[in-house]
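Text of run01.cif, listed as mmCIF, C-alpha atoms:
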data_start
loop_
_atom_site.label_atom_id
_atom_site.label_comp_id
_atom_site.auth_asym_id
_atom_site.auth_seq_id
_atom_site.Cartn_x
_atom_site.Cartn_y
_atom_site.Cartn_z
CA MET A 170 0.00 0.00 0.00
CA ALA A 171 1.13 3.52 -0.60
CA ILE A 172 -0.01 7.07 -0.05
CA LEU A 173 -0.19 8.63 -3.49
CA PRO A 174 0.52 12.30 -4.26
CA ILE A 175 -2.60 14.39 -4.90
CA LEU A 176 -2.77 16.40 -8.12
CA GLN A 177 -3.72 20.01 -7.63
CA PHE A 178 -5.51 22.36 -9.98
CA PRO A 179 -4.42 23.58 -12.57
CA ASP A 180 -2.99 20.15 -13.38
CA PRO A 181 -4.65 19.40 -16.77
CA ARG A 182 -5.22 15.75 -15.80
CA LEU A 183 -7.93 16.94 -13.40
CA LYS A 184 -9.92 18.27 -16.34
CA GLU A 185 -9.96 15.01 -18.32
CA LYS A 186 -12.73 12.46 -18.57
CA SER A 187 -11.62 9.21 -16.92
CA ALA A 188 -11.75 5.84 -18.65
CA HIS A 189 -14.26 3.08 -17.99
CA VAL A 190 -12.78 0.23 -15.91
CA THR A 191 -13.13 -3.11 -17.70
CA GLY A 192 -12.88 -5.29 -14.62
CA VAL A 193 -11.72 -5.31 -11.00
CA THR A 194 -8.41 -7.08 -11.55
CA THR A 195 -5.71 -7.66 -8.91
CA GLU A 196 -4.02 -4.50 -10.17
CA VAL A 197 -7.20 -2.46 -9.87
CA SER A 198 -7.76 -3.88 -6.41
CA ALA A 199 -4.24 -2.90 -5.33
CA PHE A 200 -4.81 0.59 -6.68
CA ILE A 201 -8.06 0.85 -4.68
CA ASP A 202 -6.07 0.02 -1.53
CA ASP A 203 -3.68 2.87 -2.32
CA LEU A 204 -6.56 5.22 -3.02
CA LEU A 205 -8.12 4.33 0.33
CA GLU A 206 -4.87 4.81 2.17
CA THR A 207 -4.39 8.19 0.47
CA MET A 208 -7.87 9.31 1.53
CA ARG A 209 -7.32 8.16 5.10
CA ALA A 210 -3.98 9.99 5.27
CA SER A 211 -5.71 13.35 4.79
CA PRO A 212 -7.39 14.52 8.00
CA GLY A 213 -11.16 14.79 7.75
CA CYS A 214 -11.22 13.63 4.16
CA VAL A 215 -14.38 11.72 3.26
CA GLY A 216 -13.87 11.00 -0.44
CA ILE A 217 -11.38 10.68 -3.25
CA ALA A 218 -11.47 9.92 -6.97
CA ALA A 219 -8.81 8.11 -9.03
CA PRO A 220 -7.98 11.09 -11.30
CA GLN A 221 -6.96 13.07 -8.19
CA VAL A 222 -3.92 10.81 -7.96
CA GLY A 223 -3.29 10.87 -11.72
CA MET A 224 -5.11 7.63 -12.59
CA SER A 225 -7.60 8.10 -15.40
CA SER A 226 -10.01 5.39 -14.23
CA ARG A 227 -13.62 5.63 -13.15
CA ILE A 228 -13.05 4.70 -9.50
CA ILE A 229 -14.16 6.61 -6.41
CA VAL A 230 -14.03 5.99 -2.68
CA VAL A 231 -16.39 7.66 -0.21
CA ASP A 232 -16.75 7.30 3.55
CA VAL A 233 -18.74 9.94 5.44
CA SER A 234 -19.28 7.79 8.54
CA ALA A 235 -16.59 9.63 10.53
CA HIS A 236 -17.84 13.10 9.60
CA ARG A 237 -19.48 15.04 12.40
CA ARG A 238 -22.72 15.59 10.50
CA GLY A 239 -22.44 13.09 7.67
CA GLY A 240 -21.95 10.29 10.18
CA GLN A 241 -25.28 11.06 11.83
CA GLU A 242 -27.26 10.77 8.62
CA GLY A 243 -27.97 7.45 6.98
CA ASN A 244 -24.81 6.28 5.21
CA HIS A 245 -23.15 3.17 3.87
CA GLY A 246 -19.81 3.57 5.65
CA LEU A 247 -16.98 2.82 3.29
CA LEU A 248 -18.05 2.79 -0.36
CA VAL A 249 -15.76 1.74 -3.18
CA LEU A 250 -17.50 2.46 -6.47
CA VAL A 251 -16.12 1.41 -9.84
CA ASN A 252 -17.74 2.92 -12.96
CA PRO A 253 -20.30 4.76 -10.84
CA GLU A 254 -23.21 6.19 -12.74
CA ILE A 255 -25.81 8.45 -11.22
CA LEU A 256 -29.10 7.07 -12.50
CA ALA A 257 -31.39 9.55 -10.80
CA MET A 258 -31.21 12.43 -8.40
CA GLY A 259 -33.62 14.63 -6.53
CA GLY A 260 -33.98 17.47 -4.07
CA LYS A 261 -31.53 20.26 -3.44
CA GLN A 262 -28.98 21.07 -0.77
CA LEU A 263 -26.28 23.69 -0.43
CA VAL A 264 -23.12 22.29 1.14
CA ARG A 265 -19.71 23.81 1.80
CA GLU A 266 -17.18 21.62 0.01
CA GLY A 267 -13.43 21.46 0.24
CA CYS A 268 -11.24 19.52 -2.17
CA MET A 269 -7.67 18.24 -1.84
CA SER A 270 -7.11 19.21 -5.47
CA VAL A 271 -8.20 22.82 -4.84
CA PRO A 272 -6.62 23.29 -1.40
CA ASP A 273 -6.89 27.07 -1.03
CA TYR A 274 -10.65 27.38 -1.35
CA THR A 275 -13.92 26.03 -0.11
CA ALA A 276 -17.20 26.63 -1.89
CA ASN A 277 -20.92 26.43 -1.40
CA VAL A 278 -22.16 24.07 -4.05
CA GLN A 279 -25.73 23.20 -4.90
CA ARG A 280 -26.12 19.44 -5.03
CA ALA A 281 -28.95 16.94 -5.15
CA GLN A 282 -30.24 15.78 -1.78
CA TRP A 283 -30.66 12.21 -2.99
CA VAL A 284 -28.93 10.09 -5.63
CA LEU A 285 -29.45 6.62 -7.04
CA VAL A 286 -26.15 5.12 -8.16
CA ASP A 287 -25.26 2.13 -10.29
CA ALA A 288 -21.67 0.85 -9.90
CA LEU A 289 -19.43 -2.13 -9.40
CA ASP A 290 -18.25 -2.76 -5.85
CA ARG A 291 -14.66 -3.62 -5.04
CA GLU A 292 -15.29 -7.29 -5.85
CA GLY A 293 -16.60 -6.30 -9.27
CA LYS A 294 -20.20 -7.10 -8.38
CA GLN A 295 -22.93 -4.74 -9.62
CA VAL A 296 -24.59 -2.66 -6.91
CA ILE A 297 -27.42 -0.19 -7.02
CA LEU A 298 -27.62 2.08 -4.02
CA GLU A 299 -29.33 5.17 -2.75
CA ALA A 300 -27.52 7.88 -0.86
CA ILE A 301 -28.79 10.99 0.90
CA GLY A 302 -27.37 14.11 2.54
CA PHE A 303 -23.59 14.44 2.85
CA GLU A 304 -22.98 10.99 1.40
CA ALA A 305 -24.96 11.98 -1.71
CA VAL A 306 -22.89 15.18 -1.96
CA ALA A 307 -19.63 13.25 -1.64
CA ILE A 308 -20.67 10.85 -4.42
CA GLN A 309 -21.67 13.73 -6.73
CA HIS A 310 -18.39 15.54 -6.04
CA GLU A 311 -16.29 12.43 -6.76
CA VAL A 312 -18.26 11.44 -9.89
CA ASP A 313 -17.64 15.01 -11.11
CA HIS A 314 -13.90 14.31 -10.84
CA LEU A 315 -14.34 11.36 -13.21
CA ASP A 316 -15.84 13.72 -15.78
CA GLY A 317 -13.18 16.38 -15.35
CA TYR A 318 -15.27 18.75 -13.25
CA LEU A 319 -14.10 20.48 -10.07
CA PHE A 320 -16.32 22.26 -7.58
CA LEU A 321 -15.08 25.46 -9.21
CA ASP A 322 -17.18 24.45 -12.21
CA ARG A 323 -20.28 24.23 -10.03
CA VAL A 324 -19.99 27.56 -8.24
CA SER A 325 -22.49 30.15 -9.40
CA SER A 326 -20.95 33.24 -7.79
CA ILE A 327 -17.34 33.86 -6.75
CA LYS A 328 -18.53 36.63 -4.49
CA THR A 329 -21.02 34.66 -2.45
CA ASP A 330 -20.10 31.01 -2.94
CA LEU A 331 -16.32 30.77 -3.06
CA PHE A 332 -14.33 31.12 0.13
CA ARG A 333 -10.62 31.43 0.61
CA ARG A 334 -9.63 28.92 3.26
CA LYS A 335 -9.16 30.83 6.48
CA ARG A 336 -6.96 28.19 7.95
CA TYR A 337 -5.26 25.11 6.78
CA ARG A 338 -6.09 21.73 8.13
CA SER A 339 -3.44 20.95 10.70
CA MET B 169 13.66 41.55 -2.90
CA GLY B 170 10.57 41.95 -0.80
CA HIS B 171 6.85 41.82 -0.21
CA PHE B 172 4.61 44.87 -0.12
CA SER B 173 0.99 45.51 0.69
CA VAL B 174 -0.77 47.89 -1.69
CA SER B 175 -4.18 49.31 -0.88
CA VAL B 176 -6.22 51.21 -3.44
CA MET B 177 -9.39 53.15 -2.75
CA GLY B 178 -11.55 55.56 -4.65
CA LYS B 179 -14.80 56.20 -6.46
CA ASP B 180 -15.59 53.13 -8.53
CA ARG B 181 -15.20 53.30 -12.30
CA PRO B 182 -14.07 50.90 -15.03
CA GLY B 183 -10.30 50.55 -15.45
CA ILE B 184 -8.99 50.78 -11.89
CA VAL B 185 -7.79 47.17 -11.76
CA ALA B 186 -6.34 47.47 -15.27
CA GLU B 187 -4.34 50.59 -14.38
CA VAL B 188 -3.08 49.33 -11.03
CA SER B 189 -2.12 45.94 -12.44
CA ARG B 190 -0.42 47.58 -15.43
CA ILE B 191 1.80 49.63 -13.14
CA LEU B 192 2.64 46.55 -11.06
CA TYR B 193 3.34 44.51 -14.18
CA GLU B 194 5.57 47.17 -15.72
CA LEU B 195 7.58 47.42 -12.52
CA GLY B 196 8.04 43.63 -12.45
CA PHE B 197 5.79 42.83 -9.49
CA ASN B 198 4.14 39.51 -8.89
CA ILE B 199 0.61 39.73 -7.43
CA GLU B 200 0.49 37.00 -4.79
CA ASP B 201 -2.77 37.71 -3.05
CA SER B 202 -5.54 40.19 -3.72
CA THR B 203 -9.15 40.96 -3.06
CA CYS B 204 -11.45 43.83 -3.89
CA THR B 205 -14.92 45.03 -3.13
CA ILE B 206 -17.28 47.90 -3.81
CA LEU B 207 -19.07 49.53 -0.89
CA SER B 208 -21.66 52.22 -1.60
CA GLY B 209 -19.88 53.05 -4.86
CA GLN B 210 -16.40 53.14 -3.31
CA PHE B 211 -13.94 50.69 -4.82
CA ALA B 212 -11.39 49.16 -2.45
CA MET B 213 -8.65 46.72 -3.26
CA ILE B 214 -5.81 45.29 -1.25
CA LEU B 215 -2.93 43.34 -2.75
CA VAL B 216 0.14 41.58 -1.45
CA VAL B 217 2.82 41.84 -4.10
CA PHE B 218 6.38 40.60 -4.42
CA HIS B 219 9.39 42.07 -6.20
CA GLU B 220 12.75 40.41 -6.87
CA LYS B 221 14.77 43.58 -6.26
CA LEU B 222 12.77 46.42 -4.77
CA GLN B 223 12.72 46.61 -0.98
CA SER B 224 11.51 49.98 0.13
CA ALA B 225 7.98 51.38 -0.11
CA THR B 226 9.35 54.83 -0.93
CA GLU B 227 10.82 53.42 -4.15
CA VAL B 228 7.45 51.95 -5.14
CA SER B 229 4.89 54.51 -4.03
CA PRO B 230 5.72 57.29 -6.58
CA SER B 231 4.89 54.90 -9.44
CA PHE B 232 1.23 55.29 -8.46
CA ASP B 233 1.26 59.11 -8.63
CA GLU B 234 -0.19 58.90 -12.13
CA VAL B 235 -3.33 56.98 -11.01
CA ARG B 236 -3.61 59.10 -7.90
CA ARG B 237 -3.80 62.13 -10.14
CA ASN B 238 -5.76 60.77 -13.10
CA MET B 239 -8.21 58.48 -11.37
CA GLY B 240 -8.47 60.15 -7.98
CA LEU B 241 -7.33 57.03 -6.17
CA GLN B 242 -5.75 56.79 -2.77
CA VAL B 243 -2.90 54.30 -3.01
CA THR B 244 -0.86 53.25 0.00
CA VAL B 245 2.20 51.04 -0.20
CA HIS B 246 3.84 49.36 2.78
CA SER B 247 6.83 47.06 2.76
CA LEU B 248 6.30 43.81 4.64
CA LYS B 249 8.90 41.86 6.56
CA ALA B 250 9.31 38.28 5.42
CA GLU B 251 7.89 36.97 8.71
CA GLU B 252 4.78 39.11 8.30
CA VAL B 253 3.78 37.29 5.14
CA VAL B 254 2.04 34.16 6.32
CA HIS B 255 0.60 31.65 3.96
CA GLU B 256 -0.69 29.55 6.79
CA LYS B 257 -2.65 30.92 9.65
CA SER B 258 -1.50 29.92 13.08
CA PHE B 259 -4.86 30.71 14.64
CA ALA B 260 -6.67 27.41 14.91
CA GLY B 261 -10.26 27.38 16.07
CA HIS B 262 -13.58 26.15 14.84
CA PRO B 263 -15.02 28.18 11.97
CA HIS B 264 -18.55 29.47 12.58
CA ILE B 265 -20.94 31.86 10.91
CA ILE B 266 -22.67 34.39 13.11
CA SER B 267 -25.63 36.18 11.59
CA VAL B 268 -27.27 39.11 13.28
CA TYR B 269 -30.26 41.07 12.06
CA GLY B 270 -32.75 43.49 13.44
CA ALA B 271 -34.04 47.06 13.31
CA ASP B 272 -31.14 49.39 12.54
CA ARG B 273 -29.66 51.03 15.63
CA PRO B 274 -26.25 52.14 16.80
CA GLY B 275 -23.88 49.67 18.40
CA ILE B 276 -24.83 46.34 16.83
CA VAL B 277 -21.41 45.60 15.35
CA TYR B 278 -19.57 46.93 18.38
CA THR B 279 -21.57 44.98 20.94
CA VAL B 280 -21.11 41.66 19.15
CA ALA B 281 -17.46 42.31 18.26
CA ARG B 282 -16.66 43.31 21.84
CA GLU B 283 -18.02 40.07 23.25
CA LEU B 284 -16.08 38.09 20.66
CA ALA B 285 -12.82 39.98 21.28
CA GLN B 286 -13.09 39.39 25.03
CA ARG B 287 -13.14 35.66 24.32
CA ARG B 288 -10.32 35.88 21.76
CA VAL B 289 -12.67 34.85 18.95
CA ASN B 290 -11.09 35.99 15.69
CA ILE B 291 -13.33 37.66 13.10
CA THR B 292 -12.09 36.49 9.70
CA ASP B 293 -14.82 37.99 7.55
CA LEU B 294 -17.46 40.63 8.11
CA ASN B 295 -20.25 41.96 5.95
CA THR B 296 -22.86 44.43 7.05
CA GLN B 297 -25.72 45.94 5.11
CA VAL B 298 -28.84 47.92 5.68
CA VAL B 299 -31.74 46.35 3.81
CA GLY B 300 -35.50 46.83 3.82
CA SER B 301 -37.43 50.02 3.23
CA LYS B 302 -36.44 53.58 4.20
CA GLU B 303 -39.18 53.60 6.82
CA ARG B 304 -38.21 50.27 8.29
CA PRO B 305 -34.48 49.72 7.77
CA VAL B 306 -33.19 46.32 8.79
CA TYR B 307 -29.56 45.89 9.71
CA VAL B 308 -27.93 42.64 8.62
CA MET B 309 -24.50 41.53 9.73
CA VAL B 310 -22.88 38.24 8.75
CA MET B 311 -19.48 37.38 10.13
CA GLU B 312 -17.21 34.42 9.84
CA VAL B 313 -15.26 33.71 13.00
CA ASP B 314 -12.76 31.26 14.37
CA ILE B 315 -13.83 30.15 17.82
CA PRO B 316 -10.93 28.83 19.91
CA GLU B 317 -11.17 25.55 21.80
CA SER B 318 -11.07 27.47 25.09
CA VAL B 319 -14.43 29.16 24.49
CA ASP B 320 -17.38 27.76 26.40
CA MET B 321 -20.13 27.73 23.78
CA LYS B 322 -22.86 27.61 26.43
CA GLU B 323 -21.52 30.75 28.00
CA LEU B 324 -21.16 32.46 24.60
CA ASN B 325 -24.72 31.56 23.64
CA GLY B 326 -25.87 32.92 27.00
CA VAL B 327 -24.09 36.19 26.28
CA PHE B 328 -25.73 36.38 22.86
CA ASP B 329 -29.14 35.75 24.44
CA ARG B 330 -28.52 38.82 26.59
CA VAL B 331 -27.34 40.87 23.60
CA LYS B 332 -30.43 39.81 21.63
CA LYS B 333 -32.69 41.31 24.31
CA GLU B 334 -30.53 44.38 24.82
CA LEU B 335 -30.45 45.30 21.10
CA SER B 336 -33.66 43.52 20.05
CA VAL B 337 -31.91 41.65 17.27
CA SER B 338 -31.77 38.03 16.19
CA ILE B 339 -28.44 36.26 16.49
CA SER B 340 -27.61 32.81 15.24
CA VAL B 341 -24.31 31.00 15.56
CA ARG B 342 -23.70 27.92 13.47
CA PRO B 343 -20.61 25.87 12.71
CA ILE B 344 -19.35 25.81 9.14
CA GLU B 345 -19.23 22.16 8.30
CA THR B 346 -17.00 21.63 5.32
CA LEU B 347 -17.13 18.34 3.53
CA GLU B 348 -13.49 17.54 2.78
CA LEU B 349 -13.25 15.63 -0.45
#
Let's see the structure in the file written out as structure tokens.
Amino acid sequence: MAILPILQFPDPRLKEKSAHVTGVTTEVSAFIDDLLETMRASPGCVGIAAPQVGMSSRIIVVDVSAHRRGGQEGNHGLLVLVNPEILAMGGKQLVREGCMSVPDYTANVQRAQWVLVDALDREGKQVILEAIGFEAVAIQHEVDHLDGYLFLDRVSSIKTDLFRRKRYRS
Amino acid sequence: MGHFSVSVMGKDRPGIVAEVSRILYELGFNIEDSTCTILSGQFAMILVVFHEKLQSATEVSPSFDEVRRNMGLQVTVHSLKAEEVVHEKSFAGHPHIISVYGADRPGIVYTVARELAQRRVNITDLNTQVVGSKERPVYVMVMEVDIPESVDMKELNGVFDRVKKELSVSISVRPIETLEL
């Protein structure tokens, strides 16, 4: 296992569309372990996507169970999603998001309150799951990474929605 | 080589940023940090800039005489010591948003700020506005603060309950919960 370096904007690789994963091979599985370890190494971090570490593959990891608020809402704990596809979404919520690839800012982003996701789990088995609240936000944020979108692309006003980080995570 | 802070203020009009940044560019400055706003038609901008050679504010300031004259701007240049330029903030608390609103009256900002200062709560952002009609002006203040570990939130909320009655305003304090992704 290894902690991988995180790409930061304006690295052009963050703006690319990631490739479909053909199967959860031993190599893919080892990469997922690294991705998990990288997420865990960053304090408070509840999600990561493969392109953030320079791997153009449709793989995301989300775990909001340890988050102060996210952990209190219904959540699935650790989620490894390969080729995730958001089938349906509904409702609206405004959440302040931070991103390891855009470390100097946080932003209020409008996201769906609820998502229905189709994906492969880490064994390569198809899963269909529903997520709400912070977990739904985390999934939408990470799926955006797979399509080359950052939260900066989702902000509607720099003046009211984008915030310079007042302090760095210690 | 050195860092400088440059503040620019004056009646808003198109071209202020272009002129100020042109002067900085022509002198070989790098703009490291900047923000600007417009309040009641007054433009205000503050920049932290870096130069490879220049060190003293008195060498830099005269370059802005032209915009002072032509655009009626007030431009102030200060040189910063290396240790004054911090990219990381040492103050570590819990970020909160405090919103206060009520009928306009003197002392709203001061009363809230005083209570915060006494508890070493750092105000990191502050916006105030008067909204509503001329007959019934409503004062709105939104501040972002860093509340240190040492602050007893129960006590602080108790203080705000008192202030609410004293000034007849609404006050809400809520943590900023950032989802780190």
For the contact check between chain B and chain A, emit one row per residue of chain B within 12 Å, containing the shortest atom pair and the distance in Å rounded to one decimal, counting only C-alpha atoms, chain then rising number order, as JSON lines.
{"residue": "B:Asp201", "atom": "CA", "partner": "A:Arg333", "partner_atom": "CA", "distance": 10.7}
{"residue": "B:Ser202", "atom": "CA", "partner": "A:Arg333", "partner_atom": "CA", "distance": 11.0}
{"residue": "B:Thr203", "atom": "CA", "partner": "A:Arg333", "partner_atom": "CA", "distance": 10.3}
{"residue": "B:Cys204", "atom": "CA", "partner": "A:Lys328", "partner_atom": "CA", "distance": 10.1}
{"residue": "B:Thr205", "atom": "CA", "partner": "A:Lys328", "partner_atom": "CA", "distance": 9.2}
{"residue": "B:Ile206", "atom": "CA", "partner": "A:Lys328", "partner_atom": "CA", "distance": 11.4}
{"residue": "B:Val254", "atom": "CA", "partner": "A:Arg336", "partner_atom": "CA", "distance": 10.9}
{"residue": "B:His255", "atom": "CA", "partner": "A:Arg336", "partner_atom": "CA", "distance": 9.2}
{"residue": "B:Glu256", "atom": "CA", "partner": "A:Tyr337", "partner_atom": "CA", "distance": 6.4}
{"residue": "B:Lys257", "atom": "CA", "partner": "A:Arg336", "partner_atom": "CA", "distance": 5.4}
{"residue": "B:Ser258", "atom": "CA", "partner": "A:Arg336", "partner_atom": "CA", "distance": 7.7}
{"residue": "B:Phe259", "atom": "CA", "partner": "A:Arg336", "partner_atom": "CA", "distance": 7.5}
{"residue": "B:Ala260", "atom": "CA", "partner": "A:Arg336", "partner_atom": "CA", "distance": 7.0}
{"residue": "B:Gly261", "atom": "CA", "partner": "A:Arg336", "partner_atom": "CA", "distance": 8.8}
{"residue": "B:His262", "atom": "CA", "partner": "A:Arg336", "partner_atom": "CA", "distance": 9.8}
{"residue": "B:Pro263", "atom": "CA", "partner": "A:Lys335", "partner_atom": "CA", "distance": 8.5}
{"residue": "B:His264", "atom": "CA", "partner": "A:Lys335", "partner_atom": "CA", "distance": 11.3}
{"residue": "B:Asn290", "atom": "CA", "partner": "A:Lys335", "partner_atom": "CA", "distance": 10.7}
{"residue": "B:Ile291", "atom": "CA", "partner": "A:Lys335", "partner_atom": "CA", "distance": 10.4}
{"residue": "B:Thr292", "atom": "CA", "partner": "A:Lys335", "partner_atom": "CA", "distance": 7.1}
{"residue": "B:Asp293", "atom": "CA", "partner": "A:Lys335", "partner_atom": "CA", "distance": 9.2}
{"residue": "B:Asn295", "atom": "CA", "partner": "A:Thr329", "partner_atom": "CA", "distance": 11.2}
{"residue": "B:Val310", "atom": "CA", "partner": "A:Thr329", "partner_atom": "CA", "distance": 11.9}
{"residue": "B:Glu312", "atom": "CA", "partner": "A:Lys335", "partner_atom": "CA", "distance": 9.4}
{"residue": "B:Val313", "atom": "CA", "partner": "A:Lys335", "partner_atom": "CA", "distance": 9.4}
{"residue": "B:Asp314", "atom": "CA", "partner": "A:Lys335", "partner_atom": "CA", "distance": 8.7}
{"residue": "B:Pro343", "atom": "CA", "partner": "A:Arg238", "partner_atom": "CA", "distance": 10.7}
{"residue": "B:Ile344", "atom": "CA", "partner": "A:Arg265", "partner_atom": "CA", "distance": 7.6}
{"residue": "B:Glu345", "atom": "CA", "partner": "A:Arg265", "partner_atom": "CA", "distance": 6.7}
{"residue": "B:Thr346", "atom": "CA", "partner": "A:Arg265", "partner_atom": "CA", "distance": 4.9}
{"residue": "B:Leu347", "atom": "CA", "partner": "A:Glu266", "partner_atom": "CA", "distance": 4.8}
{"residue": "B:Glu348", "atom": "CA", "partner": "A:Gly267", "partner_atom": "CA", "distance": 4.7}
{"residue": "B:Leu349", "atom": "CA", "partner": "A:Gly216", "partner_atom": "CA", "distance": 4.7}
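Atom to atom, atom CA of Gly300 of chain B and atom CA of Val280 of chain B stand 21.7 Å apart.
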Next item on the list: On this file, the PyMOL selection byres ((chain A and resi 288) around 10) gives some set of residues; write that set as a list in words.
Entry: Arg227, Ile228, Val249, Leu250, Val251, Asn252, Pro253, Glu254, Ile255, Val286, Asp287, Leu289, Asp290, Arg291, Gly293, Lys294, Gln295, Val296, Ile297 and Leu298 of chain A
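For the set B:Lys179, B:Val228, B:Ile339, B:Leu215, the residue with the smallest atom-to-atom gap to Gly326 of chain B is B:Ile339, counting only C-alpha atoms.
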- request: Give me the residues within 12 Å of Pro220 of chain A as a ChimeraX atom specification, counting all atoms listed in the file and dropping any in the same chain fewer than 2 places off.
  value: /A:173-178,180-188,200,204,217-218,222-230,269-270,311-319
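Across the structure, atom CA of Arg342 of chain B and atom CA of Arg288 of chain B are spaced 17.6 Å apart.
The two atoms in question, atom CA of Asn198 of chain B and atom CA of Gly170 of chain B, are spaced 10.6 Å apart.
Minimum atom-to-atom distance to Val176 of chain B, evaluated using only C-alpha atoms, belongs to B:Val243 out of B:Ser224, B:Ile199, B:Val243, B:Ser301.
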